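Raw contents of entry_21.tsv, TSV, C-alpha atoms:
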```tsv
chain	number	residue	atom	x	y	z
W	266	MET	CA	-227.49	-50.73	-52.30
W	267	GLU	CA	-226.70	-47.00	-52.51
W	268	ASN	CA	-230.35	-46.21	-53.13
W	269	LEU	CA	-231.35	-48.28	-50.13
W	270	GLU	CA	-228.77	-46.53	-47.97
W	271	ALA	CA	-230.16	-43.14	-49.05
W	272	GLU	CA	-233.67	-44.37	-48.29
W	273	LEU	CA	-232.59	-45.59	-44.85
W	274	LYS	CA	-230.93	-42.29	-44.05
W	275	GLN	CA	-234.15	-40.46	-44.81
W	276	LEU	CA	-236.10	-43.00	-42.76
W	277	ILE	CA	-233.75	-42.43	-39.81
W	278	ILE	CA	-234.15	-38.65	-40.06
W	279	ASP	CA	-237.94	-38.77	-40.33
W	280	THR	CA	-238.50	-41.44	-37.71
W	281	LEU	CA	-236.13	-40.05	-35.13
W	282	GLU	CA	-237.07	-36.40	-35.78
W	283	LEU	CA	-233.50	-35.32	-36.48
W	284	GLU	CA	-234.26	-31.69	-37.24
W	285	GLY	CA	-231.61	-29.88	-39.23
W	286	ILE	CA	-229.88	-33.06	-40.41
W	287	SER	CA	-229.91	-34.11	-44.06
W	288	PRO	CA	-229.10	-37.53	-45.54
W	289	MET	CA	-225.79	-36.03	-46.72
W	290	ASP	CA	-224.81	-35.49	-43.08
W	291	ILE	CA	-225.05	-39.20	-42.28
W	292	VAL	CA	-221.99	-41.17	-43.30
W	293	SER	CA	-222.97	-44.67	-44.37
W	294	TYR	CA	-220.17	-46.44	-42.52
W	295	ALA	CA	-220.15	-44.18	-39.43
W	296	PRO	CA	-221.58	-45.45	-36.12
W	297	LEU	CA	-225.24	-44.61	-35.60
W	298	PHE	CA	-225.18	-45.04	-31.84
W	299	GLY	CA	-222.97	-43.51	-29.18
W	300	GLU	CA	-220.05	-41.62	-30.67
W	301	GLY	CA	-221.38	-41.31	-34.25
W	302	LEU	CA	-224.81	-39.84	-34.87
W	303	GLY	CA	-225.41	-40.12	-31.13
W	304	LEU	CA	-228.60	-42.16	-31.17
W	305	ASP	CA	-229.75	-43.94	-28.02
W	306	SER	CA	-231.51	-47.17	-27.06
W	307	ILE	CA	-235.00	-45.70	-27.53
W	308	ASP	CA	-233.95	-44.67	-31.04
W	309	ALA	CA	-232.92	-48.27	-31.72
W	310	LEU	CA	-236.37	-49.50	-30.73
W	311	GLU	CA	-238.08	-46.77	-32.74
W	312	LEU	CA	-235.94	-47.51	-35.77
W	313	GLY	CA	-236.66	-51.22	-35.49
W	314	LEU	CA	-240.37	-50.48	-35.50
W	315	ALA	CA	-240.03	-48.19	-38.54
W	316	LEU	CA	-238.08	-50.87	-40.47
W	317	LYS	CA	-240.70	-53.45	-39.62
W	318	LYS	CA	-243.49	-51.16	-40.87
W	319	LYS	CA	-241.75	-50.01	-44.05
W	320	TYR	CA	-240.14	-53.24	-45.24
W	321	HIS	CA	-242.32	-55.81	-43.46
W	322	ILE	CA	-239.24	-57.57	-42.18
W	323	HIS	CA	-238.81	-59.59	-39.02
W	324	ILE	CA	-236.25	-58.43	-36.47
W	325	ASP	CA	-235.13	-61.09	-34.04
W	326	THR	CA	-234.43	-59.14	-30.87
W	327	ASN	CA	-232.62	-62.14	-29.37
W	328	SER	CA	-230.12	-62.30	-32.19
W	329	ALA	CA	-226.51	-61.87	-31.11
W	330	GLU	CA	-225.92	-60.01	-34.36
W	331	LEU	CA	-228.55	-57.34	-33.69
W	332	ALA	CA	-226.11	-54.69	-32.45
W	333	ASN	CA	-223.99	-55.23	-35.54
W	334	TYR	CA	-226.99	-54.87	-37.87
W	335	PHE	CA	-227.80	-51.48	-36.36
W	336	ALA	CA	-224.19	-50.28	-36.10
W	337	SER	CA	-224.25	-48.19	-39.30
W	338	VAL	CA	-226.44	-47.38	-42.29
W	339	GLN	CA	-224.25	-49.66	-44.36
W	340	ASN	CA	-224.85	-52.61	-42.03
W	341	LEU	CA	-228.53	-51.80	-41.81
W	342	ALA	CA	-228.85	-51.90	-45.61
W	343	VAL	CA	-227.16	-55.31	-45.75
W	344	PHE	CA	-229.51	-56.54	-43.03
W	345	VAL	CA	-232.64	-55.21	-44.76
W	346	VAL	CA	-231.63	-56.81	-48.07
W	347	SER	CA	-230.96	-60.15	-46.35
W	348	GLN	CA	-234.38	-60.06	-44.70
W	349	LEU	CA	-236.14	-59.04	-47.91
W	350	ASN	CA	-234.43	-61.94	-49.68
W	351	LYS	CA	-235.67	-64.28	-46.95
W	352	ASN	CA	-239.20	-63.01	-47.50
W	353	THR	CA	-239.08	-63.69	-51.23
W	354	LEU	CA	-237.76	-67.26	-50.84
H	191	MET	CA	-240.59	-23.60	10.03
H	192	THR	CA	-244.06	-22.45	10.91
H	193	ASP	CA	-243.73	-19.59	8.46
H	194	VAL	CA	-243.87	-22.14	5.63
H	195	LEU	CA	-246.54	-24.57	6.66
H	196	GLU	CA	-248.47	-23.50	9.67
H	197	SER	CA	-250.38	-25.83	11.91
H	198	PRO	CA	-254.07	-26.33	11.18
H	199	ARG	CA	-256.17	-23.48	12.45
H	200	THR	CA	-259.83	-22.73	12.60
H	201	LEU	CA	-261.40	-20.01	10.51
H	202	PRO	CA	-263.72	-17.86	12.56
H	203	GLU	CA	-266.41	-18.03	9.89
H	204	ASN	CA	-266.10	-21.81	9.57
H	205	SER	CA	-265.96	-22.87	13.15
H	206	GLY	CA	-264.63	-26.39	13.60
H	207	ILE	CA	-263.28	-26.73	10.05
H	208	GLN	CA	-259.55	-27.40	9.80
H	209	GLU	CA	-257.56	-24.91	7.82
H	210	ILE	CA	-254.08	-25.11	6.31
H	211	ARG	CA	-252.11	-21.96	5.65
H	212	LEU	CA	-249.13	-21.74	3.33
H	213	GLY	CA	-246.84	-18.81	2.84
H	214	PHE	CA	-244.13	-18.36	0.23
H	215	THR	CA	-241.83	-15.73	-1.12
H	216	LEU	CA	-242.43	-15.63	-4.86
H	217	GLN	CA	-238.95	-15.01	-6.25
H	218	HIS	CA	-239.84	-15.40	-9.91
H	219	TRP	CA	-242.53	-16.67	-12.22
H	220	CYS	CA	-242.46	-17.60	-15.90
H	221	LEU	CA	-245.39	-18.42	-18.16
H	222	TRP	CA	-245.68	-19.73	-21.69
H	223	GLN	CA	-248.98	-20.28	-23.43
H	224	SER	CA	-249.87	-21.40	-26.92
H	225	ARG	CA	-251.71	-18.20	-27.81
H	226	GLU	CA	-250.42	-14.66	-27.99
H	227	THR	CA	-250.59	-12.87	-24.66
H	228	PRO	CA	-251.68	-9.24	-24.92
H	229	PHE	CA	-249.55	-6.95	-22.79
H	230	GLY	CA	-251.24	-6.23	-19.49
H	231	GLU	CA	-250.71	-5.52	-15.84
H	232	PHE	CA	-249.09	-8.88	-15.13
H	233	TRP	CA	-248.04	-10.02	-11.70
H	234	PRO	CA	-244.72	-8.43	-10.76
H	235	GLY	CA	-241.43	-10.31	-10.74
H	236	GLY	CA	-242.01	-12.57	-13.71
H	237	GLU	CA	-242.13	-12.94	-17.45
H	238	VAL	CA	-244.32	-14.27	-20.23
H	239	LEU	CA	-242.26	-16.07	-22.85
H	240	PRO	CA	-243.03	-15.40	-26.53
H	241	CYS	CA	-245.73	-17.61	-28.00
H	242	ASN	CA	-243.36	-18.37	-30.90
H	243	GLY	CA	-246.11	-19.53	-33.22
H	244	GLY	CA	-247.56	-21.93	-30.66
H	245	ARG	CA	-244.30	-23.85	-30.11
H	246	ALA	CA	-242.23	-22.77	-27.14
H	247	ASP	CA	-238.69	-21.83	-28.08
H	248	VAL	CA	-236.23	-24.43	-26.81
H	249	THR	CA	-233.23	-23.47	-28.91
H	250	PHE	CA	-231.20	-23.39	-25.70
H	251	LEU	CA	-231.21	-27.19	-25.93
H	252	PRO	CA	-229.07	-29.26	-28.30
H	253	MET	CA	-231.17	-30.71	-31.13
H	254	MET	CA	-230.66	-34.27	-29.87
H	255	GLN	CA	-232.35	-33.26	-26.60
H	256	SER	CA	-235.16	-31.15	-28.03
H	257	ARG	CA	-236.19	-33.34	-30.96
H	258	ARG	CA	-238.56	-35.61	-29.07
H	259	LEU	CA	-240.27	-32.94	-27.00
H	260	SER	CA	-244.02	-32.67	-27.45
H	261	PRO	CA	-245.60	-29.19	-27.53
H	262	LEU	CA	-246.41	-29.61	-23.84
H	263	ALA	CA	-242.91	-30.80	-22.96
H	264	ARG	CA	-241.41	-27.88	-24.89
H	265	ALA	CA	-243.54	-25.47	-22.84
H	266	VAL	CA	-242.42	-27.03	-19.56
H	267	SER	CA	-238.81	-27.19	-20.62
H	268	ALA	CA	-238.85	-23.50	-21.59
H	269	VAL	CA	-240.38	-22.12	-18.37
H	270	ALA	CA	-238.31	-24.42	-16.13
H	271	TRP	CA	-235.09	-23.55	-17.93
H	272	HIS	CA	-235.74	-19.79	-17.79
H	273	SER	CA	-236.63	-20.06	-14.10
H	274	ARG	CA	-233.45	-21.95	-13.33
H	275	GLN	CA	-231.51	-19.29	-15.18
H	276	GLN	CA	-232.94	-16.82	-12.67
H	277	GLY	CA	-232.87	-18.92	-9.54
H	278	GLY	CA	-230.19	-21.54	-10.11
H	279	ASP	CA	-230.71	-25.21	-9.45
H	280	MET	CA	-233.30	-26.26	-6.88
H	281	PRO	CA	-235.64	-29.16	-6.09
H	282	SER	CA	-238.77	-29.10	-8.20
H	283	VAL	CA	-242.44	-30.02	-8.13
H	284	PHE	CA	-244.20	-30.71	-11.42
H	285	PHE	CA	-247.95	-30.82	-11.64
H	286	SER	CA	-250.38	-31.61	-14.44
H	287	SER	CA	-253.91	-32.94	-14.21
H	288	HIS	CA	-253.71	-35.01	-17.38
H	289	GLY	CA	-250.16	-34.75	-18.73
H	290	GLU	CA	-249.52	-36.08	-22.23
H	291	SER	CA	-253.14	-37.00	-22.86
H	292	GLN	CA	-252.75	-36.92	-26.66
H	293	TYR	CA	-249.87	-39.41	-26.53
H	294	TYR	CA	-251.55	-41.94	-24.29
H	295	LEU	CA	-254.78	-41.77	-26.26
H	296	GLU	CA	-252.82	-42.46	-29.47
H	297	MET	CA	-251.14	-45.40	-27.78
H	298	LEU	CA	-254.44	-46.83	-26.59
H	299	GLN	CA	-255.86	-46.45	-30.10
H	300	ALA	CA	-252.82	-48.20	-31.59
H	301	LEU	CA	-253.13	-51.07	-29.12
H	302	ALA	CA	-256.86	-51.35	-29.81
H	303	GLY	CA	-256.06	-51.53	-33.52
H	304	GLY	CA	-253.49	-54.27	-33.00
H	305	GLU	CA	-250.63	-51.98	-33.99
H	306	ASP	CA	-247.22	-51.67	-32.38
H	307	VAL	CA	-246.72	-48.84	-29.91
H	308	SER	CA	-244.03	-46.26	-30.54
H	309	PRO	CA	-241.29	-46.84	-27.92
H	310	SER	CA	-240.44	-43.16	-27.68
H	311	ARG	CA	-244.09	-42.15	-27.31
H	312	PHE	CA	-244.48	-44.78	-24.61
H	313	SER	CA	-241.44	-43.58	-22.70
H	314	LEU	CA	-242.48	-39.93	-22.95
H	315	CYS	CA	-246.14	-40.24	-21.99
H	316	VAL	CA	-245.55	-41.55	-18.47
H	317	HIS	CA	-246.44	-38.80	-16.05
H	318	ASN	CA	-242.96	-38.08	-14.73
H	319	ALA	CA	-241.28	-38.08	-18.16
H	320	ILE	CA	-241.49	-34.31	-18.64
H	321	ALA	CA	-240.12	-33.69	-15.15
H	322	GLY	CA	-237.29	-36.13	-15.82
H	323	LEU	CA	-236.41	-34.47	-19.11
H	324	SER	CA	-236.43	-31.04	-17.50
H	325	SER	CA	-234.10	-32.28	-14.77
H	326	PHE	CA	-231.86	-33.80	-17.43
H	327	HIS	CA	-231.87	-30.61	-19.52
H	328	SER	CA	-230.73	-28.61	-16.51
H	329	ALA	CA	-228.14	-31.21	-15.48
H	330	SER	CA	-229.83	-31.12	-12.09
H	331	TYR	CA	-229.03	-33.69	-9.42
H	332	LEU	CA	-231.66	-32.34	-7.03
H	333	PRO	CA	-234.91	-34.20	-6.32
H	334	TYR	CA	-238.10	-33.66	-8.24
H	335	VAL	CA	-241.62	-34.98	-7.89
H	336	SER	CA	-244.32	-35.26	-10.50
H	337	LEU	CA	-247.93	-34.97	-9.35
H	338	ALA	CA	-251.13	-35.71	-11.23
H	339	GLY	CA	-254.76	-34.60	-10.76
H	340	GLY	CA	-256.43	-35.27	-7.46
H	341	THR	CA	-259.02	-33.44	-5.44
H	342	GLU	CA	-256.79	-30.45	-4.67
H	343	GLY	CA	-256.01	-29.70	-8.32
H	344	MET	CA	-252.80	-27.77	-8.87
H	345	PHE	CA	-252.88	-26.54	-5.27
H	346	ALA	CA	-251.43	-29.94	-4.37
H	347	ALA	CA	-248.17	-28.63	-5.86
H	348	PHE	CA	-248.12	-25.83	-3.27
H	349	LEU	CA	-248.60	-28.34	-0.44
H	350	GLU	CA	-245.67	-30.36	-1.81
H	351	ALA	CA	-243.59	-27.21	-2.23
H	352	GLY	CA	-244.29	-26.27	1.39
H	353	GLY	CA	-242.97	-29.64	2.47
H	354	ILE	CA	-239.83	-29.36	0.36
H	355	LEU	CA	-239.13	-25.89	1.76
H	356	LEU	CA	-238.79	-27.43	5.20
H	357	GLU	CA	-235.49	-28.84	3.91
H	358	ALA	CA	-234.46	-26.64	0.99
H	359	PRO	CA	-234.18	-22.84	0.66
H	360	LYS	CA	-236.22	-22.68	-2.55
H	361	VAL	CA	-238.25	-24.84	-4.84
H	362	LEU	CA	-239.35	-24.70	-8.47
H	363	VAL	CA	-243.05	-25.38	-9.04
H	364	VAL	CA	-244.08	-26.08	-12.63
H	365	TRP	CA	-247.68	-26.50	-13.59
H	366	TYR	CA	-248.67	-27.45	-17.12
H	367	GLU	CA	-251.82	-28.43	-18.99
H	368	GLN	CA	-253.05	-28.84	-22.51
H	369	ALA	CA	-256.42	-29.37	-24.14
H	370	LEU	CA	-257.73	-32.89	-23.74
H	371	PRO	CA	-258.29	-34.96	-26.90
H	372	ASP	CA	-261.85	-34.88	-28.25
H	373	ALA	CA	-262.54	-38.40	-26.94
H	374	TYR	CA	-262.36	-37.11	-23.36
H	375	ARG	CA	-264.15	-33.80	-23.85
H	376	ALA	CA	-267.59	-35.26	-23.23
H	377	TYR	CA	-266.48	-36.06	-19.68
H	378	LEU	CA	-264.34	-33.08	-18.82
H	379	ASP	CA	-264.22	-29.62	-20.27
H	380	THR	CA	-260.74	-28.13	-20.53
H	381	SER	CA	-259.14	-25.10	-22.07
H	382	GLU	CA	-257.94	-25.08	-25.68
H	383	THR	CA	-254.73	-23.41	-24.58
H	384	THR	CA	-251.54	-25.26	-23.79
H	385	PHE	CA	-249.63	-23.57	-21.03
H	386	ALA	CA	-246.80	-24.04	-18.55
H	387	LEU	CA	-246.32	-21.85	-15.49
H	388	ALA	CA	-243.18	-21.97	-13.35
H	389	MET	CA	-242.77	-20.33	-9.97
H	390	VAL	CA	-239.61	-20.09	-7.91
H	391	LEU	CA	-240.77	-20.18	-4.31
H	392	ALA	CA	-238.80	-19.62	-1.13
H	393	ARG	CA	-239.80	-19.54	2.50
H	394	ALA	CA	-242.19	-16.80	3.54
H	395	GLY	CA	-240.71	-13.55	4.75
H	396	GLY	CA	-237.88	-13.39	2.23
H	397	LEU	CA	-237.11	-10.71	-0.31
H	398	GLY	CA	-239.93	-10.57	-2.85
H	399	HIS	CA	-243.67	-10.72	-3.11
H	400	GLN	CA	-245.47	-12.90	-0.62
H	401	LEU	CA	-247.83	-15.55	-1.89
H	402	ARG	CA	-250.22	-16.70	0.81
H	403	LEU	CA	-252.65	-19.57	0.48
H	404	ALA	CA	-255.28	-20.98	2.80
H	405	ARG	CA	-257.21	-24.19	2.38
H	406	TRP	CA	-260.19	-25.51	4.24
H	407	ALA	CA	-262.37	-28.53	3.69
H	408	ASP	CA	-265.74	-27.82	2.15
H	409	LYS	CA	-268.23	-29.07	-0.37
H	410	GLY	CA	-267.10	-27.51	-3.61
H	411	ARG	CA	-269.23	-25.74	-6.17
H	412	SER	CA	-267.12	-26.14	-9.31
H	413	ASN	CA	-264.15	-28.21	-10.46
H	414	ALA	CA	-260.40	-27.76	-10.39
H	415	GLU	CA	-260.14	-27.15	-14.13
H	416	ASP	CA	-262.01	-23.86	-13.83
H	417	CYS	CA	-259.63	-22.76	-11.11
H	418	THR	CA	-256.65	-23.73	-13.22
H	419	GLN	CA	-257.58	-21.26	-15.88
H	420	SER	CA	-258.60	-18.58	-13.44
H	421	LEU	CA	-255.19	-18.53	-11.72
H	422	VAL	CA	-253.30	-18.19	-15.01
H	423	GLN	CA	-255.65	-15.41	-16.04
H	424	ALA	CA	-255.24	-13.76	-12.65
H	425	ILE	CA	-251.48	-13.62	-13.17
H	426	LEU	CA	-251.94	-12.02	-16.57
H	427	ASP	CA	-254.55	-9.57	-15.29
H	428	GLY	CA	-252.52	-8.62	-12.23
H	429	GLN	CA	-255.31	-9.89	-10.00
H	430	ARG	CA	-253.85	-10.28	-6.50
H	431	SER	CA	-256.34	-12.53	-4.75
H	432	ALA	CA	-259.06	-15.09	-5.41
H	433	VAL	CA	-261.07	-17.88	-3.88
H	434	CYS	CA	-261.18	-21.22	-5.66
H	435	HIS	CA	-263.86	-23.80	-4.93
H	436	LEU	CA	-262.81	-27.41	-5.53
H	437	ASN	CA	-264.75	-30.60	-5.07
H	438	GLN	CA	-263.69	-31.14	-1.46
H	439	SER	CA	-262.05	-27.90	-0.43
H	440	ILE	CA	-261.84	-24.18	-0.84
H	441	TRP	CA	-258.53	-22.47	-1.53
H	442	GLN	CA	-257.95	-18.81	-1.06
H	443	TRP	CA	-254.76	-17.16	-2.30
H	444	ARG	CA	-253.35	-13.66	-2.12
H	445	LEU	CA	-250.21	-12.01	-3.48
H	446	ASP	CA	-248.88	-9.26	-1.22
H	447	ASP	CA	-246.12	-6.77	-1.84
H	448	ALA	CA	-242.81	-7.50	-0.16
```
Take the structure in this file and express it as structure tokens.
Amino acid sequence: MENLEAELKQLIIDTLELEGISPMDIVSYAPLFGEGLGLDSIDALELGLALKKKYHIHIDTNSAELANYFASVQNLAVFVVSQLNKNTL
Amino acid sequence: MTDVLESPRTLPENSGIQEIRLGFTLQHWCLWQSRETPFGEFWPGGEVLPCNGGRADVTFLPMMQSRRLSPLARAVSAVAWHSRQQGGDMPSVFFSSHGESQYYLEMLQALAGGEDVSPSRFSLCVHNAIAGLSSFHSASYLPYVSLAGGTEGMFAAFLEAGGILLEAPKVLVVWYEQALPDAYRAYLDTSETTFALAMVLARAGGLGHQLRLARWADKGRSNAEDCTQSLVQAILDGQRSAVCHLNQSIWQWRLDDA
């Protein structure tokens, strides 16, 4: 899971063009949106697209849990793993 | 008010043809272009920002605001910000013939290929996105308009500015272009240079150089793109007057000392 979290941090930096930020600067459990890293709604859409392209996972935009999945890198990693497991079933 | 936008007149040499005259006080101008600008006898009262390796310097913005800016948006942001530093907040008119042409071509290609479209690219390629970002960067609550092409080329921005000056003491005009993607070049020839030019304009007769423009309807002999480049070059060469032939009109402009 730690490797995945590191991978996701790099994906966030590259996708959202966070110049001057390194994976070390992103705390896995810290909020990604609003008060934490300060990402916005467009970032959420962009990140969703990047996850879909990289991991070939389905993101249900109607899911009530969606905000929770994207709340932190930690949550995102759990979500990606759960979706990858679904794909392999 | 007639010193800003005078009533239609008739030119003696073009009897019967309606003419529009505009007069402004040019309080400041600011230009950025993607190639080095050799020092020359520039227009007075302005500045050319450093080329900065072909990417306008926007370090005055927090990273979270600057990160998504395209090269064109960076250019606009830089000249608008520097002009507002000089002239304070004011209503603004943004003009570009083609805007973020690279972005919308990429989006069309992605759609044609059945791919998903980048949400941030989509949101930033709409024509008023750059104007909106600039307003946001300056924490401005004053109105702005974003104009595209049209038969009057960038001179449409001066018409709009004249209108705004009927209600506001000064207005920021920002005009920006970049090279069109190759796919469009067969239909329209444009410059290779990306540039953004900002002008702080006030009503005619104020303190500063006087920019006077006259327009009359006519069958043009060239297109607006040629005029675009010639005005930027005129500023850099210190050229004080010119005549510009568009498809449906002729514009004449002159910069006079205060």
**Report entry** Ref. answer, residues at most 10 Å from (-218.5, -47.5, -37.4) with all atoms listed in the file, as JSON, numbers by chain
**Finding:** {"W": [292, 293, 294, 295, 296, 297, 298, 300, 301, 333, 336, 337, 338, 339, 340]}
Query raised in the report: Quick one, how far is CA of Leu251 (chain H) from CA of Ser330 (chain H)?
Result: 14.5 Å
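Near chain W, counting only C-alpha atoms at 8 Å, the chain H residues are Met253, Met254, Arg257, Arg258, Asp306, Ser308, Pro309 and Ser310 of chain H.
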Requested in this report: List every protein, DNA or RNA residue that has at least one atom no more than 9 Å from (-235.2, -59.7, -45.2) in the file's coordinates, counting only C-alpha atoms, and write the result as a PyMOL selection string.
Outcome: chain W and resi 320-324+344-353
Query raised in the report: Distance CA of Ala392 (chain H)-CA of Gln217 (chain H), one decimal place?
Result: 6.9 Å
Produce the centre coordinates and the three edge lengths, each in Å to one decimal, of the box along x, y and z that contains all listed atoms of region 401-405 of chain H with 3 Å added on each side, as lines of an AutoDock Vina configuration file.
```
center_x = -252.5
center_y = -19.9
center_z = 0.5
size_x = 15.4
size_y = 14.6
size_z = 10.7
```
Would you mind listing what lies within 9 Å of Ala394 (chain H) as a PDB file with C-alpha atoms, in the frame of the given file, with all atoms listed in the file counted and same-chain residues fewer than 2 positions away left out?
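Everything below was put into part_37.pdb:
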```
ATOM      1  CA  ASP H 193    -243.730 -19.590   8.460  1.00  0.00           C
ATOM      2  CA  VAL H 194    -243.870 -22.140   5.630  1.00  0.00           C
ATOM      3  CA  LEU H 212    -249.130 -21.740   3.330  1.00  0.00           C
ATOM      4  CA  GLY H 213    -246.840 -18.810   2.840  1.00  0.00           C
ATOM      5  CA  PHE H 214    -244.130 -18.360   0.230  1.00  0.00           C
ATOM      6  CA  THR H 215    -241.830 -15.730  -1.120  1.00  0.00           C
ATOM      7  CA  LEU H 216    -242.430 -15.630  -4.860  1.00  0.00           C
ATOM      8  CA  LEU H 391    -240.770 -20.180  -4.310  1.00  0.00           C
ATOM      9  CA  ALA H 392    -238.800 -19.620  -1.130  1.00  0.00           C
ATOM     10  CA  GLY H 396    -237.880 -13.390   2.230  1.00  0.00           C
ATOM     11  CA  LEU H 397    -237.110 -10.710  -0.310  1.00  0.00           C
ATOM     12  CA  GLN H 400    -245.470 -12.900  -0.620  1.00  0.00           C
ATOM     13  CA  LEU H 401    -247.830 -15.550  -1.890  1.00  0.00           C
ATOM     14  CA  ARG H 402    -250.220 -16.700   0.810  1.00  0.00           C
TER      15      ARG H 402
END
```
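The smallest atom-to-atom distance between Lys360 (chain H) and any of H:Ala338, H:Met280, H:Ala346, H:Ala300, using all atoms listed in the file, is found for H:Met280.
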Report summary line: Here CA of Gly243 (chain H) and CA of Pro261 (chain H) stand apart by 11.2 Å
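Excluding Gln276 (chain H) and any residue on its chain fewer than 5 positions from it, the residues at most 9 Å away by only C-alpha atoms are Gln217, His218, Trp271 and Val390 of chain H.
The shortest atom-to-atom distance to His399 (chain H), with all atoms listed in the file taken into account, belongs to H:Ala448 out of H:Ala448, H:Ala373, H:Ala329, H:Leu301.
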**Report entry** Contacts of Thr383 (chain H) within 8 Å, all atoms listed in the file, excl. fewer than 4 positions in-chain, as an MDAnalysis selection string
**Finding:** chainID H and resid 223:225 368:369
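Shortest atom-to-atom contact with Ser291 (chain H) among H:Ala263, H:Ala268, H:Ala351, H:Cys417: H:Ala263, counting only C-alpha atoms.
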